[in-house]
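entry25.csv follows (CSV, N, CA and C atoms and all ligand atoms):
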chain,number,residue,atom,x,y,z
Z,1,MET,N,0.9,-1.2,0.0
Z,1,MET,CA,0.0,0.0,0.0
Z,1,MET,C,0.9,1.2,0.0
Z,2,ALA,N,0.5,2.2,-0.7
Z,2,ALA,CA,1.3,3.4,-0.9
Z,2,ALA,C,0.8,4.6,-0.1
Z,3,GLU,N,0.8,4.4,1.2
Z,3,GLU,CA,0.4,5.5,2.1
Z,3,GLU,C,1.4,5.7,3.1
Z,4,ASP,N,1.5,6.9,3.7
Z,4,ASP,CA,2.4,7.2,4.7
Z,4,ASP,C,1.8,6.6,6.0
Z,5,PRO,N,2.6,6.5,7.1
Z,5,PRO,CA,2.1,5.9,8.3
Z,5,PRO,C,0.9,6.6,8.9
Z,6,ALA,N,0.7,7.8,8.7
Z,6,ALA,CA,-0.5,8.5,9.2
Z,6,ALA,C,-1.7,8.2,8.4
Z,7,GLY,N,-1.6,7.5,7.3
Z,7,GLY,CA,-2.8,7.2,6.5
Z,7,GLY,C,-3.1,8.2,5.4
Z,8,ALA,N,-2.3,9.2,5.3
Z,8,ALA,CA,-2.6,10.2,4.3
Z,8,ALA,C,-2.2,9.7,2.9
Z,9,PRO,N,-2.9,10.1,1.8
Z,9,PRO,CA,-2.6,9.6,0.5
Z,9,PRO,C,-1.1,9.9,0.2
Z,10,ARG,N,-0.5,9.0,-0.5
Z,10,ARG,CA,0.9,9.2,-0.9
Z,10,ARG,C,0.9,10.3,-2.0
Z,11,LYS,N,1.9,11.2,-1.9
Z,11,LYS,CA,2.1,12.2,-2.9
Z,11,LYS,C,2.4,11.6,-4.2
Z,12,ARG,N,1.7,12.1,-5.2
Z,12,ARG,CA,2.0,11.6,-6.6
Z,12,ARG,C,2.2,12.8,-7.4
Z,13,SER,N,2.8,12.6,-8.6
Z,13,SER,CA,3.3,13.8,-9.3
Z,13,SER,C,2.4,14.1,-10.5
Z,14,ARG,N,1.5,13.3,-10.9
Z,14,ARG,CA,0.8,13.5,-12.2
Z,14,ARG,C,-0.7,14.0,-11.8
Z,15,GLU,N,-1.0,15.1,-12.3
Z,15,GLU,CA,-2.4,15.7,-12.1
Z,15,GLU,C,-3.3,15.3,-13.3
Z,16,VAL,N,-4.4,14.8,-13.1
Z,16,VAL,CA,-5.4,14.5,-14.1
Z,16,VAL,C,-6.7,15.2,-13.9
Z,17,VAL,N,-7.1,16.0,-14.8
Z,17,VAL,CA,-8.4,16.7,-14.6
Z,17,VAL,C,-9.5,15.7,-15.0
Z,18,ILE,N,-10.4,15.5,-14.2
Z,18,ILE,CA,-11.5,14.5,-14.4
Z,18,ILE,C,-12.8,15.2,-14.7
Z,19,GLY,N,-12.9,16.5,-14.6
Z,19,GLY,CA,-14.2,17.2,-14.9
Z,19,GLY,C,-14.3,18.4,-14.0
Z,20,ARG,N,-15.5,18.8,-13.8
Z,20,ARG,CA,-15.8,20.0,-13.0
Z,20,ARG,C,-16.2,19.5,-11.6
Z,21,ALA,N,-15.8,20.2,-10.6
Z,21,ALA,CA,-16.2,19.8,-9.2
Z,21,ALA,C,-17.7,19.9,-9.0
Z,22,ASP,N,-18.3,20.9,-9.7
Z,22,ASP,CA,-19.8,21.0,-9.5
Z,22,ASP,C,-20.6,20.0,-10.2
Z,23,GLU,N,-19.9,19.1,-10.9
Z,23,GLU,CA,-20.6,17.9,-11.5
Z,23,GLU,C,-21.0,16.9,-10.5
Z,24,VAL,N,-20.3,16.9,-9.3
Z,24,VAL,CA,-20.5,15.9,-8.3
Z,24,VAL,C,-21.2,16.6,-7.1
Z,25,PRO,N,-22.5,16.2,-6.9
Z,25,PRO,CA,-23.2,16.8,-5.8
Z,25,PRO,C,-22.7,16.3,-4.5
Z,26,ALA,N,-23.1,17.0,-3.4
Z,26,ALA,CA,-22.8,16.6,-2.1
Z,26,ALA,C,-23.3,15.2,-1.8
Z,27,GLY,N,-22.4,14.3,-1.3
Z,27,GLY,CA,-22.8,12.9,-1.1
Z,27,GLY,C,-22.7,12.1,-2.3
Z,28,GLY,N,-22.3,12.7,-3.5
Z,28,GLY,CA,-22.3,12.0,-4.7
Z,28,GLY,C,-20.9,11.4,-5.0
Z,29,ARG,N,-20.8,10.8,-6.2
Z,29,ARG,CA,-19.5,10.2,-6.6
Z,29,ARG,C,-19.4,10.2,-8.1
Z,30,LYS,N,-18.2,10.1,-8.6
Z,30,LYS,CA,-17.9,10.0,-10.0
Z,30,LYS,C,-16.8,8.9,-10.1
Z,31,ILE,N,-17.1,8.0,-11.0
Z,31,ILE,CA,-16.1,6.9,-11.3
Z,31,ILE,C,-15.5,7.2,-12.6
Z,32,VAL,N,-14.1,7.3,-12.6
Z,32,VAL,CA,-13.4,7.6,-13.8
Z,32,VAL,C,-12.3,6.6,-14.1
Z,33,GLN,N,-12.0,6.5,-15.4
Z,33,GLN,CA,-10.9,5.6,-15.8
Z,33,GLN,C,-9.7,6.5,-16.2
Z,34,ILE,N,-8.6,6.3,-15.5
Z,34,ILE,CA,-7.3,7.0,-15.8
Z,34,ILE,C,-6.3,6.0,-16.2
Z,35,ASP,N,-6.0,5.9,-17.4
Z,35,ASP,CA,-5.1,4.8,-17.9
Z,35,ASP,C,-5.7,3.5,-17.5
Z,36,HIS,N,-4.9,2.6,-16.8
Z,36,HIS,CA,-5.4,1.3,-16.4
Z,36,HIS,C,-6.1,1.3,-15.1
Z,37,LEU,N,-6.3,2.5,-14.5
Z,37,LEU,CA,-6.9,2.6,-13.1
Z,37,LEU,C,-8.3,3.1,-13.2
Z,38,SER,N,-9.2,2.4,-12.5
Z,38,SER,CA,-10.6,2.9,-12.3
Z,38,SER,C,-10.6,3.5,-10.9
Z,39,ILE,N,-11.0,4.7,-10.8
Z,39,ILE,CA,-11.0,5.5,-9.5
Z,39,ILE,C,-12.3,6.1,-9.2
Z,40,GLY,N,-12.8,6.0,-8.0
Z,40,GLY,CA,-14.0,6.6,-7.5
Z,40,GLY,C,-13.7,7.9,-6.8
Z,41,VAL,N,-14.3,9.0,-7.1
Z,41,VAL,CA,-14.1,10.3,-6.4
Z,41,VAL,C,-15.4,10.6,-5.7
Z,42,PHE,N,-15.4,10.8,-4.4
Z,42,PHE,CA,-16.5,11.0,-3.6
Z,42,PHE,C,-16.5,12.4,-3.0
Z,43,ARG,N,-17.7,13.0,-3.0
Z,43,ARG,CA,-17.8,14.4,-2.4
Z,43,ARG,C,-18.4,14.2,-1.0
Z,44,LEU,N,-17.6,14.3,0.0
Z,44,LEU,CA,-18.1,14.3,1.4
Z,44,LEU,C,-18.2,15.7,2.0
Z,45,ALA,N,-18.7,15.8,3.2
Z,45,ALA,CA,-18.9,17.1,3.8
Z,45,ALA,C,-17.6,17.9,3.9
Z,46,ASP,N,-16.5,17.2,4.1
Z,46,ASP,CA,-15.2,17.9,4.2
Z,46,ASP,C,-14.4,18.0,2.9
Z,47,GLY,N,-15.0,17.6,1.8
Z,47,GLY,CA,-14.3,17.8,0.5
Z,47,GLY,C,-14.3,16.5,-0.3
Z,48,PHE,N,-13.4,16.4,-1.3
Z,48,PHE,CA,-13.4,15.3,-2.2
Z,48,PHE,C,-12.3,14.3,-1.7
Z,49,HIS,N,-12.7,13.0,-1.9
Z,49,HIS,CA,-11.8,11.9,-1.6
Z,49,HIS,C,-11.8,10.9,-2.7
Z,50,ALA,N,-10.7,10.2,-3.0
Z,50,ALA,CA,-10.7,9.3,-4.1
Z,50,ALA,C,-10.1,7.9,-3.6
Z,51,VAL,N,-10.7,6.9,-4.1
Z,51,VAL,CA,-10.1,5.5,-3.8
Z,51,VAL,C,-10.2,4.7,-5.1
Z,52,ARG,N,-9.3,3.7,-5.2
Z,52,ARG,CA,-9.3,2.8,-6.3
Z,52,ARG,C,-10.6,2.0,-6.3
Z,53,ASN,N,-11.1,1.8,-7.5
Z,53,ASN,CA,-12.4,1.1,-7.7
Z,53,ASN,C,-12.1,-0.4,-7.8
Z,54,TYR,N,-11.5,-0.9,-6.8
Z,54,TYR,CA,-11.1,-2.4,-6.8
Z,54,TYR,C,-11.1,-2.9,-5.4
Z,55,CYS,N,-11.9,-3.8,-5.1
Z,55,CYS,CA,-11.9,-4.4,-3.7
Z,55,CYS,C,-10.8,-5.4,-3.6
Z,56,PRO,N,-10.0,-5.2,-2.5
Z,56,PRO,CA,-8.9,-6.2,-2.3
Z,56,PRO,C,-9.3,-7.6,-1.9
Z,57,HIS,N,-10.6,-7.8,-1.7
Z,57,HIS,CA,-11.0,-9.1,-1.3
Z,57,HIS,C,-11.1,-10.0,-2.6
Z,58,GLN,N,-12.0,-9.7,-3.5
Z,58,GLN,CA,-12.1,-10.5,-4.7
Z,58,GLN,C,-12.3,-9.7,-6.0
Z,59,GLY,N,-11.9,-8.4,-5.9
Z,59,GLY,CA,-11.9,-7.6,-7.1
Z,59,GLY,C,-13.2,-6.9,-7.6
Z,60,ALA,N,-14.2,-6.8,-6.7
Z,60,ALA,CA,-15.4,-6.1,-7.1
Z,60,ALA,C,-15.1,-4.7,-7.4
Z,61,GLU,N,-16.1,-4.0,-8.1
Z,61,GLU,CA,-16.0,-2.6,-8.3
Z,61,GLU,C,-16.5,-1.9,-7.0
Z,62,LEU,N,-15.5,-1.7,-6.1
Z,62,LEU,CA,-15.8,-1.2,-4.8
Z,62,LEU,C,-16.6,0.1,-4.8
Z,63,CYS,N,-16.3,1.0,-5.7
Z,63,CYS,CA,-16.9,2.3,-5.7
Z,63,CYS,C,-18.3,2.3,-6.1
Z,64,LYS,N,-18.9,1.2,-6.4
Z,64,LYS,CA,-20.3,1.1,-6.7
Z,64,LYS,C,-21.1,0.7,-5.5
Z,65,GLY,N,-20.4,0.5,-4.3
Z,65,GLY,CA,-21.0,0.1,-3.1
Z,65,GLY,C,-21.7,1.3,-2.4
Z,66,SER,N,-22.3,1.0,-1.3
Z,66,SER,CA,-23.1,2.0,-0.5
Z,66,SER,C,-22.1,2.8,0.5
Z,67,LEU,N,-22.5,4.0,0.7
Z,67,LEU,CA,-21.8,4.8,1.7
Z,67,LEU,C,-22.6,5.0,3.0
Z,68,HIS,N,-22.0,4.8,4.1
Z,68,HIS,CA,-22.7,5.0,5.4
Z,68,HIS,C,-21.7,5.2,6.5
Z,69,GLY,N,-22.1,5.1,7.7
Z,69,GLY,CA,-21.2,5.3,8.9
Z,69,GLY,C,-21.0,3.9,9.6
Z,70,THR,N,-20.5,4.0,10.7
Z,70,THR,CA,-20.3,2.8,11.5
Z,70,THR,C,-20.5,3.2,13.0
Z,71,TYR,N,-20.2,2.2,13.9
Z,71,TYR,CA,-20.2,2.5,15.3
Z,71,TYR,C,-18.9,2.0,15.9
Z,72,ARG,N,-18.5,2.8,16.9
Z,72,ARG,CA,-17.3,2.4,17.7
Z,72,ARG,C,-17.8,1.9,19.1
Z,73,PRO,N,-17.1,0.9,19.6
Z,73,PRO,CA,-17.5,0.4,20.9
Z,73,PRO,C,-17.1,1.3,22.0
Z,74,GLY,N,-17.9,1.4,23.0
Z,74,GLY,CA,-17.6,2.2,24.2
Z,74,GLY,C,-17.7,1.3,25.4
Z,75,ALA,N,-18.4,1.7,26.4
Z,75,ALA,CA,-18.6,0.9,27.6
Z,75,ALA,C,-19.5,-0.3,27.2
Z,76,VAL,N,-19.7,-1.2,28.1
Z,76,VAL,CA,-20.5,-2.4,27.8
Z,76,VAL,C,-21.9,-1.9,27.3
Z,77,ALA,N,-22.2,-2.5,26.1
Z,77,ALA,CA,-23.5,-2.3,25.5
Z,77,ALA,C,-23.7,-0.8,25.0
Z,78,GLU,N,-22.6,-0.1,24.8
Z,78,GLU,CA,-22.7,1.2,24.3
Z,78,GLU,C,-21.9,1.3,23.0
Z,79,PHE,N,-22.5,2.0,22.0
Z,79,PHE,CA,-21.8,2.1,20.8
Z,79,PHE,C,-21.9,3.6,20.4
Z,80,THR,N,-20.9,4.2,19.8
Z,80,THR,CA,-20.9,5.5,19.5
Z,80,THR,C,-20.8,5.7,17.9
Z,81,PRO,N,-21.7,6.4,17.3
Z,81,PRO,CA,-21.6,6.6,15.9
Z,81,PRO,C,-20.3,7.2,15.5
Z,82,ALA,N,-19.7,6.7,14.3
Z,82,ALA,CA,-18.4,7.2,13.9
Z,82,ALA,C,-18.4,7.1,12.4
Z,83,LEU,N,-17.5,7.9,11.8
Z,83,LEU,CA,-17.1,7.9,10.4
Z,83,LEU,C,-18.4,8.1,9.5
Z,84,ASP,N,-19.3,8.9,9.9
Z,84,ASP,CA,-20.5,9.1,9.3
Z,84,ASP,C,-20.3,9.5,7.8
Z,85,GLY,N,-20.9,8.7,6.9
Z,85,GLY,CA,-20.9,8.9,5.5
Z,85,GLY,C,-19.6,8.6,4.8
Z,86,ARG,N,-18.6,8.1,5.5
Z,86,ARG,CA,-17.4,7.9,4.8
Z,86,ARG,C,-16.9,6.4,4.8
Z,87,VAL,N,-17.9,5.5,5.1
Z,87,VAL,CA,-17.6,4.1,5.1
Z,87,VAL,C,-18.2,3.5,3.8
Z,88,LEU,N,-17.3,3.0,3.0
Z,88,LEU,CA,-17.8,2.4,1.7
Z,88,LEU,C,-17.9,0.9,1.8
Z,89,ARG,N,-19.1,0.3,1.6
Z,89,ARG,CA,-19.3,-1.1,1.7
Z,89,ARG,C,-19.3,-1.8,0.3
Z,90,CYS,N,-18.4,-2.7,0.2
Z,90,CYS,CA,-18.3,-3.4,-1.1
Z,90,CYS,C,-19.6,-4.1,-1.5
Z,91,PRO,N,-20.0,-4.0,-2.7
Z,91,PRO,CA,-21.3,-4.5,-3.1
Z,91,PRO,C,-21.4,-6.1,-3.2
Z,92,TRP,N,-20.2,-6.7,-3.2
Z,92,TRP,CA,-20.2,-8.2,-3.3
Z,92,TRP,C,-20.4,-8.9,-2.0
Z,93,HIS,N,-19.5,-8.6,-1.1
Z,93,HIS,CA,-19.5,-9.4,0.2
Z,93,HIS,C,-19.5,-8.5,1.4
Z,94,GLY,N,-19.6,-7.2,1.2
Z,94,GLY,CA,-19.8,-6.3,2.4
Z,94,GLY,C,-18.5,-5.8,3.1
Z,95,TRP,N,-17.3,-6.1,2.6
Z,95,TRP,CA,-16.2,-5.5,3.3
Z,95,TRP,C,-16.3,-4.0,3.3
Z,96,GLU,N,-15.8,-3.4,4.4
Z,96,GLU,CA,-16.0,-2.0,4.5
Z,96,GLU,C,-14.7,-1.2,4.6
Z,97,PHE,N,-14.6,0.0,4.0
Z,97,PHE,CA,-13.4,0.7,4.0
Z,97,PHE,C,-13.7,2.2,4.3
Z,98,ASP,N,-12.8,2.8,5.1
Z,98,ASP,CA,-12.9,4.3,5.3
Z,98,ASP,C,-12.3,4.9,4.0
Z,99,ILE,N,-13.1,5.7,3.3
Z,99,ILE,CA,-12.6,6.2,2.0
Z,99,ILE,C,-11.7,7.4,2.2
Z,100,VAL,N,-11.6,7.9,3.5
Z,100,VAL,CA,-10.6,9.0,3.7
Z,100,VAL,C,-9.2,8.4,3.9
Z,101,THR,N,-9.1,7.3,4.7
Z,101,THR,CA,-7.8,6.7,4.9
Z,101,THR,C,-7.5,5.5,4.1
Z,102,GLY,N,-8.5,4.8,3.5
Z,102,GLY,CA,-8.3,3.6,2.8
Z,102,GLY,C,-8.3,2.4,3.7
Z,103,LYS,N,-8.4,2.5,5.0
Z,103,LYS,CA,-8.2,1.4,5.9
Z,103,LYS,C,-9.5,0.6,5.9
Z,104,GLY,N,-9.3,-0.8,6.0
Z,104,GLY,CA,-10.5,-1.7,6.1
Z,104,GLY,C,-11.0,-1.6,7.6
Z,105,LEU,N,-12.3,-1.8,7.7
Z,105,LEU,CA,-12.9,-1.7,9.1
Z,105,LEU,C,-12.8,-3.1,9.7
Z,106,TYR,N,-12.9,-4.2,9.0
Z,106,TYR,CA,-12.9,-5.5,9.5
Z,106,TYR,C,-11.5,-6.0,9.8
Z,107,ASP,N,-10.6,-5.7,9.0
Z,107,ASP,CA,-9.3,-6.3,9.1
Z,107,ASP,C,-8.3,-5.2,8.9
Z,108,ALA,N,-7.5,-5.0,9.9
Z,108,ALA,CA,-6.5,-3.9,9.9
Z,108,ALA,C,-5.5,-4.0,8.7
Z,109,LYS,N,-5.4,-5.2,8.2
Z,109,LYS,CA,-4.4,-5.4,7.1
Z,109,LYS,C,-5.0,-5.1,5.7
Z,110,SER,N,-6.4,-5.0,5.6
Z,110,SER,CA,-7.0,-4.7,4.3
Z,110,SER,C,-7.1,-3.2,4.1
Z,111,ARG,N,-6.7,-2.8,2.9
Z,111,ARG,CA,-6.7,-1.4,2.6
Z,111,ARG,C,-7.1,-1.3,1.1
Z,112,VAL,N,-7.5,-0.1,0.8
Z,112,VAL,CA,-7.7,0.3,-0.6
Z,112,VAL,C,-6.9,1.5,-0.9
Z,113,MET,N,-6.4,1.6,-2.1
Z,113,MET,CA,-5.5,2.7,-2.4
Z,113,MET,C,-6.3,4.0,-2.5
Z,114,THR,N,-5.8,5.1,-1.9
Z,114,THR,CA,-6.4,6.4,-1.9
Z,114,THR,C,-5.6,7.3,-2.8
Z,115,TYR,N,-6.3,8.4,-3.2
Z,115,TYR,CA,-5.6,9.4,-4.1
Z,115,TYR,C,-6.0,10.8,-3.6
Z,116,GLU,N,-5.0,11.7,-3.7
Z,116,GLU,CA,-5.3,13.1,-3.4
Z,116,GLU,C,-6.1,13.7,-4.5
Z,117,VAL,N,-7.1,14.5,-4.1
Z,117,VAL,CA,-8.0,15.2,-5.0
Z,117,VAL,C,-7.9,16.7,-4.7
Z,118,LYS,N,-7.8,17.5,-5.8
Z,118,LYS,CA,-7.8,19.0,-5.6
Z,118,LYS,C,-8.9,19.6,-6.5
Z,119,VAL,N,-9.3,20.8,-6.1
Z,119,VAL,CA,-10.2,21.6,-6.9
Z,119,VAL,C,-9.4,22.8,-7.2
Z,120,THR,N,-9.3,23.1,-8.5
Z,120,THR,CA,-8.6,24.3,-9.0
Z,120,THR,C,-9.4,25.5,-8.8
Z,121,GLU,N,-8.8,26.7,-8.9
Z,121,GLU,CA,-9.5,28.0,-8.7
Z,121,GLU,C,-10.6,28.1,-9.8
Z,122,ALA,N,-10.3,27.4,-10.9
Z,122,ALA,CA,-11.3,27.5,-12.0
Z,122,ALA,C,-12.4,26.5,-11.8
Z,123,GLY,N,-12.4,25.6,-10.8
Z,123,GLY,CA,-13.4,24.7,-10.5
Z,123,GLY,C,-13.2,23.3,-11.1
Z,124,ASP,N,-12.0,23.0,-11.6
Z,124,ASP,CA,-11.7,21.7,-12.2
Z,124,ASP,C,-11.4,20.8,-11.0
Z,125,LEU,N,-11.8,19.5,-11.2
Z,125,LEU,CA,-11.6,18.5,-10.3
Z,125,LEU,C,-10.3,17.7,-10.7
Z,126,VAL,N,-9.3,17.6,-9.9
Z,126,VAL,CA,-8.0,17.0,-10.3
Z,126,VAL,C,-7.7,15.9,-9.3
Z,127,VAL,N,-7.3,14.7,-9.9
Z,127,VAL,CA,-6.9,13.6,-9.1
Z,127,VAL,C,-5.4,13.4,-9.4
Z,128,MET,N,-4.6,13.2,-8.3
Z,128,MET,CA,-3.2,13.0,-8.4
Z,128,MET,C,-2.9,11.5,-8.5
Z,129,VAL,N,-2.3,11.1,-9.6
Z,129,VAL,CA,-2.1,9.7,-9.8
Z,129,VAL,C,-0.6,9.4,-10.1
C,1,LIG,S1,-15.1,-8.5,-3.5
C,1,LIG,FE1,-15.4,-6.9,-2.1
C,1,LIG,S2,-16.0,-7.9,-0.2
C,1,LIG,FE2,-15.6,-9.5,-1.6
I need this file expressed as structure tokens, please.
Ligand code: FES
Amino acid sequence: MAEDPAGAPRKRSREVVIGRADEVPAGGRKIVQIDHLSIGVFRLADGFHAVRNYCPHQGAELCKGSLHGTYRPGAVAEFTPALDGRVLRCPWHGWEFDIVTGKGLYDAKSRVMTYEVKVTEAGDLVVMV
């Protein structure tokens, strides 16, 4: 996996314009093909995030899955809502990933590649690959 220890997307040098930022509504997504990579770009409350459209379990198109939150355990029988709207569930078998960090929720070893996304002053949506 190509991320730094803090979970931030690895810096890449190539910028690819994939369209206009206003084409993706709040809570929406856009799946694009860049060379051999299929990448899903999601618009969350804090901005845009991108992950590879490939589930590390058995290769499903991960970015076609549902977005939701999860719960963190607290005291006995208490659960605290967490990661609201940024958990992507694979449409095939339900593995879940935090699309901000790429980390799997079930298995700390499972990850999905993340990509930095920028919006230019002109409103173009740019993915770093
Ligand atoms: S292919 Fe994604 S959970 Fe199985």
If we count only N, CA and C atoms and set the cut-off at 8 Å, which residues sit around Leu83 of chain Z, ignoring sequence neighbours fewer than 2 positions away in its own chain? Please answer as a list of chain:residue names.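 So, after excluding close chain neighbours, the residues are Z:His68, Z:Gly69, Z:Thr70, Z:Tyr71, Z:Arg72, Z:Thr80, Z:Pro81, Z:Gly85, Z:Arg86, Z:Val87, Z:Asp98.
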Rounded to one decimal in Å, what is the spacing between atom CA of Pro91 of chain Z and atom N of Glu61 of chain Z?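 Spanning atom CA of Pro91 of chain Z to atom N of Glu61 of chain Z is a straight-line distance of 7.2 Å.
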Any chance you could tabulate, as JSON lines, the residues of chain Z at most 5 Å from ligand LIG 1 (chain C) with each one's nearest atom pair and distance in Å to one decimal, using all atoms listed in the file, in chain and rising number order?
{"residue": "Z:Cys55", "atom": "CA", "partner": "C:LIG1", "partner_atom": "FE1", "distance": 4.6}
{"residue": "Z:His57", "atom": "C", "partner": "C:LIG1", "partner_atom": "S1", "distance": 4.4}
{"residue": "Z:Gln58", "atom": "N", "partner": "C:LIG1", "partner_atom": "S1", "distance": 3.3}
{"residue": "Z:Gly59", "atom": "N", "partner": "C:LIG1", "partner_atom": "S1", "distance": 4.0}
{"residue": "Z:Ala60", "atom": "N", "partner": "C:LIG1", "partner_atom": "S1", "distance": 3.7}
{"residue": "Z:Cys90", "atom": "CA", "partner": "C:LIG1", "partner_atom": "FE1", "distance": 4.7}
{"residue": "Z:Trp92", "atom": "C", "partner": "C:LIG1", "partner_atom": "FE2", "distance": 4.9}
{"residue": "Z:His93", "atom": "N", "partner": "C:LIG1", "partner_atom": "S2", "distance": 3.7}
{"residue": "Z:Gly94", "atom": "N", "partner": "C:LIG1", "partner_atom": "S2", "distance": 3.9}
{"residue": "Z:Trp95", "atom": "N", "partner": "C:LIG1", "partner_atom": "S2", "distance": 3.6}
Neighbouring residues of Arg111 of chain Z were defined as those with any atom within 6 Å, considering only C-alpha atoms; residues of the same chain fewer than 3 positions away were excluded. Please report them as a ChimeraX atom specification. /Z:102-104
Provide the atom CA of Ala50 of chain Z to atom CA of Ile34 of chain Z distance in Å, to one decimal place.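 Computing the Euclidean distance for atom CA of Ala50 of chain Z and atom CA of Ile34 of chain Z yields 12.4 Å.
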Using DSSP on the backbone coordinates, identify the residues of chain Z assigned to strand (DSSP E); present them as an MDAnalysis selection string. chainID Z and resid 15:20 29:34 37:44 47:52 66:73 79:89 96:98 114:115 117:119 124:128
Ranking Z:Ile31, Z:Val76, Z:Val41, Z:Ala26 by minimum distance to Val127 of chain Z and counting only C-alpha atoms, which one comes first?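 Going through Z:Ile31, Z:Val76, Z:Val41, Z:Ala26 one by one, the smallest distance to Val127 of chain Z is for Z:Val41.
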Using Å and a single decimal, report how far atom C of Val112 of chain Z sits from atom N of Val24 of chain Z. 22.1 Å
Find the spatial neighbours of Thr120 of chain Z, counting only C-alpha atoms, within a cut-off of 12 Å - ignore same-chain residues fewer than 6 positions away - and output them as a short mmCIF file (atom, residue, chain, number, x, y, z; two decimals) with N, CA and C atoms, in the coordinates of the input.
data_model
loop_
_atom_site.label_atom_id
_atom_site.label_comp_id
_atom_site.auth_asym_id
_atom_site.auth_seq_id
_atom_site.Cartn_x
_atom_site.Cartn_y
_atom_site.Cartn_z
N GLU Z 15 -1.00 15.10 -12.30
CA GLU Z 15 -2.40 15.70 -12.10
C GLU Z 15 -3.30 15.30 -13.30
N VAL Z 16 -4.40 14.80 -13.10
CA VAL Z 16 -5.40 14.50 -14.10
C VAL Z 16 -6.70 15.20 -13.90
N VAL Z 17 -7.10 16.00 -14.80
CA VAL Z 17 -8.40 16.70 -14.60
C VAL Z 17 -9.50 15.70 -15.00
N ILE Z 18 -10.40 15.50 -14.20
CA ILE Z 18 -11.50 14.50 -14.40
C ILE Z 18 -12.80 15.20 -14.70
N GLY Z 19 -12.90 16.50 -14.60
CA GLY Z 19 -14.20 17.20 -14.90
C GLY Z 19 -14.30 18.40 -14.00
N ARG Z 20 -15.50 18.80 -13.80
CA ARG Z 20 -15.80 20.00 -13.00
C ARG Z 20 -16.20 19.50 -11.60
N ALA Z 21 -15.80 20.20 -10.60
CA ALA Z 21 -16.20 19.80 -9.20
C ALA Z 21 -17.70 19.90 -9.00
N ASP Z 22 -18.30 20.90 -9.70
CA ASP Z 22 -19.80 21.00 -9.50
C ASP Z 22 -20.60 20.00 -10.20
N VAL Z 126 -9.30 17.60 -9.90
CA VAL Z 126 -8.00 17.00 -10.30
C VAL Z 126 -7.70 15.90 -9.30
N VAL Z 127 -7.30 14.70 -9.90
CA VAL Z 127 -6.90 13.60 -9.10
C VAL Z 127 -5.40 13.40 -9.40
#
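Comparing Z:Lys109, Z:His36, Z:Lys30, Z:Arg12 by their smallest distance to Cys63 of chain Z, the closest is Z:Lys30 (using all atoms listed in the file).
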Considering only C-alpha atoms, state which residue in the set Z:Ala77, Z:Leu105, Z:Leu67, Z:Ala122 is at the smallest distance from Leu44 of chain Z.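 Using only C-alpha atoms, Leu44 of chain Z sits closest to Z:Leu67.
If all atoms listed in the file are the atoms counted, then among Z:Ala108, Z:Arg89, Z:Asp84, Z:Glu23 the closest residue to Gly65 of chain Z is Z:Arg89.
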Using only N, CA and C atoms for the distances, tell me which of Z:Gly74, Z:Val51, Z:Ser38, Z:Gln33 is nearest to Ile99 of chain Z.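 Looking at the shortest contact to Ile99 of chain Z, the residue is Z:Val51.
Checking Z:Ala75, Z:Val129, Z:Val32, Z:Ala82 one by one against Tyr115 of chain Z, counting all atoms listed in the file, you find the shortest gap at Z:Val129.
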